[in-house]
$ cat final_13.cif   # mmCIF, C-alpha atoms
data_input
#
loop_
_atom_site.label_atom_id
_atom_site.label_comp_id
_atom_site.auth_asym_id
_atom_site.auth_seq_id
_atom_site.Cartn_x
_atom_site.Cartn_y
_atom_site.Cartn_z
CA GLY A 1 31.16 47.35 49.01
CA SER A 2 34.62 48.54 48.20
CA SER A 3 35.96 51.92 49.17
CA SER A 4 38.65 54.31 48.07
CA HIS A 5 39.32 55.19 51.72
CA SER A 6 41.76 53.55 54.10
CA ASP A 7 40.45 52.39 57.49
CA ARG A 8 42.34 55.32 59.01
CA ASP A 9 40.42 58.00 57.10
CA ARG A 10 36.97 56.38 56.86
CA ALA A 11 34.17 58.48 58.23
CA GLU A 12 32.63 57.50 61.54
CA TYR A 13 29.52 55.38 60.82
CA ASP A 14 30.41 55.78 57.12
CA PHE A 15 29.07 59.38 57.28
CA TYR A 16 29.68 61.35 54.09
CA ALA A 17 27.38 64.37 53.94
CA THR A 18 25.51 65.05 50.71
CA PRO A 19 26.17 68.42 49.09
CA PRO A 20 23.01 70.56 48.75
CA GLU A 21 23.28 70.80 44.95
CA ALA A 22 22.93 67.01 44.67
CA THR A 23 19.48 67.08 46.30
CA ASP A 24 18.49 70.15 44.28
CA LEU A 25 19.31 68.25 41.08
CA LEU A 26 17.27 65.24 42.20
CA MET A 27 14.25 67.50 42.70
CA LYS A 28 14.81 69.01 39.26
CA TYR A 29 14.51 65.58 37.61
CA GLU A 30 12.17 63.66 39.94
CA GLU A 31 8.75 64.61 41.23
CA LEU A 32 8.74 63.64 44.89
CA SER A 33 5.76 63.05 47.15
CA PRO A 34 4.88 65.68 49.77
CA VAL A 35 6.17 63.44 52.58
CA ILE A 36 9.70 62.01 52.50
CA LEU A 37 11.39 59.50 54.80
CA GLU A 38 15.10 60.30 55.25
CA PRO A 39 16.44 57.26 57.16
CA ALA A 40 20.12 58.33 57.27
CA CYS A 41 19.64 62.05 57.84
CA GLY A 42 23.07 62.81 59.30
CA GLU A 43 23.23 66.56 59.84
CA GLY A 44 20.19 67.21 57.66
CA ASN A 45 21.85 68.05 54.33
CA ILE A 46 19.20 66.29 52.23
CA ALA A 47 16.30 67.13 54.57
CA ILE A 48 17.09 70.86 54.60
CA GLU A 49 16.85 71.03 50.80
CA LEU A 50 13.65 68.96 50.73
CA GLU A 51 12.03 71.07 53.46
CA ALA A 52 13.05 74.29 51.67
CA ASN A 53 11.07 72.98 48.70
CA GLY A 54 7.90 72.30 50.69
CA HIS A 55 8.34 68.64 51.62
CA SER A 56 7.61 67.28 55.06
CA VAL A 57 10.51 65.04 56.12
CA ILE A 58 10.43 62.11 58.54
CA LEU A 59 13.94 61.98 60.01
CA ASN A 60 15.99 59.08 61.29
CA ASP A 61 19.61 57.97 61.65
CA ILE A 62 21.48 55.30 63.54
CA VAL A 63 23.09 58.01 65.70
CA LYS A 64 21.86 61.44 66.81
CA ARG A 65 23.69 64.25 65.09
CA ASN A 66 23.05 67.99 65.15
CA TYR A 67 19.79 68.00 63.23
CA GLY A 68 16.17 67.16 63.83
CA ASN A 69 14.01 65.62 66.49
CA TYR A 70 14.04 61.82 66.34
CA GLU A 71 15.02 58.84 68.43
CA PRO A 72 18.03 57.21 66.69
CA LYS A 73 17.28 53.81 65.23
CA ASP A 74 18.86 51.47 62.71
CA PHE A 75 16.96 51.73 59.41
CA MET A 76 16.76 47.92 59.31
CA ASP A 77 14.66 48.06 62.51
CA LEU A 78 12.61 51.12 61.56
CA ASN A 79 8.82 50.81 61.36
CA THR A 80 7.43 53.95 59.79
CA GLY A 81 3.70 53.30 59.48
CA ASP A 82 1.61 53.39 56.32
CA GLY A 83 4.36 53.98 53.74
CA ASN A 84 2.60 56.99 52.22
CA TYR A 85 5.94 58.66 51.43
CA ASP A 86 8.99 58.52 49.19
CA ILE A 87 12.36 57.54 50.63
CA VAL A 88 15.32 59.80 49.86
CA THR A 89 18.74 59.24 51.42
CA ASN A 90 22.49 58.90 51.13
CA PRO A 91 22.98 55.56 52.89
CA PRO A 92 26.24 54.44 54.45
CA TYR A 93 27.95 52.75 51.52
CA ARG A 94 28.90 49.63 53.46
CA ASP A 95 25.17 49.05 54.10
CA ALA A 96 23.86 50.47 50.82
CA ALA A 97 22.55 47.15 49.46
CA LYS A 98 20.70 46.50 52.73
CA PHE A 99 19.22 50.02 52.59
CA VAL A 100 18.06 49.53 49.00
CA TYR A 101 16.51 46.16 49.77
CA LYS A 102 14.73 47.48 52.89
CA ALA A 103 13.50 50.60 51.06
CA CYS A 104 12.17 48.54 48.13
CA THR A 105 10.24 46.29 50.52
CA MET A 106 8.73 49.37 52.19
CA LEU A 107 7.51 51.08 49.00
CA THR A 108 3.79 51.37 48.39
CA PRO A 109 1.97 52.08 45.09
CA GLY A 110 2.86 55.46 43.64
CA HIS A 111 6.02 55.86 45.71
CA LYS A 112 9.74 55.64 45.10
CA SER A 113 13.09 55.39 46.77
CA CYS A 114 15.98 57.63 45.72
CA MET A 115 19.46 56.71 46.91
CA PHE A 116 22.59 58.82 46.46
CA LEU A 117 25.25 56.19 45.74
CA LYS A 118 28.62 55.69 44.14
CA LEU A 119 28.24 54.78 40.49
CA THR A 120 30.20 51.62 41.26
CA PHE A 121 27.11 50.39 43.11
CA LEU A 122 26.02 49.08 39.69
CA GLU A 123 28.82 46.52 39.64
CA GLY A 124 29.54 43.49 41.76
CA ILE A 125 28.36 39.93 41.78
CA GLY A 126 27.18 40.37 45.37
CA ARG A 127 24.38 42.71 44.24
CA LYS A 128 23.16 40.52 41.36
CA GLU A 129 20.26 39.08 43.37
CA LEU A 130 19.25 42.56 44.55
CA PHE A 131 19.21 43.97 41.01
CA ASP A 132 17.44 40.89 39.64
CA LYS A 133 14.66 41.36 42.19
CA TYR A 134 14.69 45.16 42.35
CA PRO A 135 16.20 46.81 39.27
CA PRO A 136 16.47 50.58 39.56
CA THR A 137 13.99 52.47 37.39
CA ARG A 138 16.30 55.39 36.68
CA VAL A 139 19.94 56.26 37.37
CA TYR A 140 21.02 59.90 37.20
CA VAL A 141 24.79 60.08 36.76
CA PHE A 142 26.52 63.35 37.65
CA ARG A 143 28.65 64.52 34.71
CA LYS A 144 30.77 66.54 37.11
CA ARG A 145 32.02 64.96 40.31
CA VAL A 146 30.33 66.15 43.48
CA ASN A 147 32.17 66.37 46.76
CA CYS A 148 30.74 64.71 49.85
CA GLY A 149 31.72 65.91 53.30
CA LEU A 150 33.76 63.44 55.36
CA ASN A 151 32.02 63.35 58.77
CA GLY A 152 29.94 66.30 57.55
CA LYS A 153 32.94 68.54 56.81
CA PHE A 154 33.13 69.98 53.30
CA ASP A 155 36.42 71.84 53.94
CA ASN A 156 38.82 70.90 51.17
CA ALA A 157 36.48 68.14 50.02
CA GLN A 158 37.68 66.56 46.82
CA SER A 159 36.24 63.61 45.04
CA ALA A 160 37.75 60.87 42.97
CA VAL A 161 34.35 59.19 43.14
CA CYS A 162 31.49 59.44 40.67
CA TYR A 163 28.04 59.57 42.26
CA ALA A 164 24.54 59.05 40.93
CA TRP A 165 20.97 59.15 42.14
CA PHE A 166 19.44 55.68 41.86
CA VAL A 167 15.64 55.63 41.76
CA TRP A 168 13.45 52.61 42.48
CA GLU A 169 9.69 52.74 41.95
CA TYR A 170 7.15 50.46 43.57
CA HIS A 171 7.12 47.08 41.75
CA SER A 172 8.91 48.38 38.66
CA ASN A 173 10.63 45.67 36.63
CA THR A 174 11.57 47.72 33.58
CA ALA A 175 15.13 48.08 32.37
CA PRO A 176 16.80 51.07 34.02
CA ILE A 177 16.93 54.39 32.20
CA ILE A 178 20.30 56.11 32.53
CA ARG A 179 20.50 59.91 32.33
CA TRP A 180 23.39 62.26 32.80
CA ILE A 181 22.82 65.39 34.84
CA ASP A 182 24.81 68.59 35.03
CA SER A 183 25.53 70.42 38.27
CA ASP A 184 26.24 73.73 36.51
#

$ encode --input "final_13.cif" --output "structure tokens"
Amino acid sequence: GSSSHSDRDRAEYDFYATPPEATDLLMKYEELSPVILEPACGEGNIAIELEANGHSVILNDIVKRNYGNYEPKDFMDLNTGDGNYDIVTNPPYRDAAKFVYKACTMLTPGHKSCMFLKLTFLEGIGRKELFDKYPPTRVYVFRKRVNCGLNGKFDNAQSAVCYAWFVWEYHSNTAPIIRWIDSD
């Protein structure tokens, strides 16, 4: 994927923390299962909001940060059991297509994957095969830009990037529904 960041200012491991209000808005629009897999948990920004709303969260990340009790593992190598959970994450953008593909192959009946991604994830010839096989069910576009935290730091965070929640449901092949959501 492309980026608006130079190599000099890219986050380590492509880590851009999700602002709490983004997860709160997802929960406002999507009913999530009681158990959630968060495979790129970072410092827990998404997990904290999910847990505060009564969800049990299975944590993972490729590196150990300052949140949770898990043995770091690459999501591509993760085996998480029976799949009786939804997947909610903000994947590293450079690996976002791989995350979506892996998540879609892990889904079981009645479950979904929700990915916090740049709106530009919709474009690109390189993702044609992914979208042909696994079209998103819903895309929630933020009307107002949200600011992600470079390496987990929200100090002076500004965004020239538009984000959206992309939702995939188990074996859904319907045309995506696009909705706009307000953060105010």

$ resolve_selection --input "final_13.cif" --expression "the PyMOL selection byres ((chain A and resi 170) around 8)" --output "list in words"
Cys104, Leu107, Thr108, Pro109, Gly110, His111, Lys112, Trp168, Glu169, His171 and Ser172 of chain A

$ residues_around --input "final_13.cif" --residues "A:Asn60" --least-positions-apart "3" --cutoff "10 Å" --atoms "only C-alpha atoms" --output "VMD selection string"
chain A and resid 37 to 42 44 57 63 to 64 67 to 75 78

$ residues_around --input "final_13.cif" --residues "A:Val141" --least-positions-apart "5" --cutoff "7 Å" --atoms "all atoms listed in the file" --output "JSON, numbers by chain"
{"A": [163, 164, 165, 179, 180, 181]}

$ residues_around --input "final_13.cif" --residues "A:Ser113" --least-positions-apart "6" --cutoff "6 Å" --atoms "only C-alpha atoms" --output "list in words"
Asp86, Ile87, Val88, Val167 and Trp168 of chain A

$ closest_residue --input "final_13.cif" --among "A:Glu43, A:Glu31, A:Asp77, A:Glu51" --to "A:Ala17" --atoms "all atoms listed in the file"
A:Glu43

$ resolve_selection --input "final_13.cif" --expression "the PyMOL selection byres ((chain A and resi 98) around 12)" --output "PyMOL selection string"
chain A and resi 1+74-77+91-97+99-105+115+126-127+129-130

$ atom_distance --input "final_13.cif" --atom1 "atom CA of A:Glu123" --atom2 "atom CA of A:Lys144"
20.3 Å

$ atom_distance --input "final_13.cif" --atom1 "atom CA of A:Ser33" --atom2 "atom CA of A:Ala52"
14.1 Å

$ atom_distance --input "final_13.cif" --atom1 "atom CA of A:Phe121" --atom2 "atom CA of A:Glu30"
20.2 Å

$ residues_around --input "final_13.cif" --residues "A:Pro20" --least-positions-apart "2" --cutoff "9 Å" --atoms "only C-alpha atoms" --output "VMD selection string"
chain A and resid 18 22 to 25 45 to 46 48 to 49

$ residues_around --input "final_13.cif" --residues "A:Leu122" --least-positions-apart "6" --cutoff "10 Å" --atoms "all atoms listed in the file" --output "list in words"
Lys128, Phe131, Pro136, Val139 and Phe166 of chain A

$ write_last_selection --input "final_13.cif" --atoms "C-alpha atoms" --output "CSV table (one decimal), in the frame of the given file"
chain,number,residue,atom,x,y,z
A,128,LYS,CA,23.2,40.5,41.4
A,131,PHE,CA,19.2,44.0,41.0
A,136,PRO,CA,16.5,50.6,39.6
A,139,VAL,CA,19.9,56.3,37.4
A,166,PHE,CA,19.4,55.7,41.9

$ closest_residue --input "final_13.cif" --among "A:Arg65, A:Arg138, A:Lys118, A:Lys28" --to "A:Pro176" --atoms "only C-alpha atoms"
A:Arg138

$ closest_residue --input "final_13.cif" --among "A:Asp82, A:Val35, A:Pro135, A:Pro19" --to "A:Leu59" --atoms "only C-alpha atoms"
A:Val35

$ closest_residue --input "final_13.cif" --among "A:Val161, A:Tyr16, A:Pro34, A:Asn147" --to "A:Thr120" --atoms "only C-alpha atoms"
A:Val161

$ closest_residue --input "final_13.cif" --among "A:Leu119, A:Ala175, A:Ile58, A:Met27" --to "A:Val146" --atoms "only C-alpha atoms"
A:Leu119
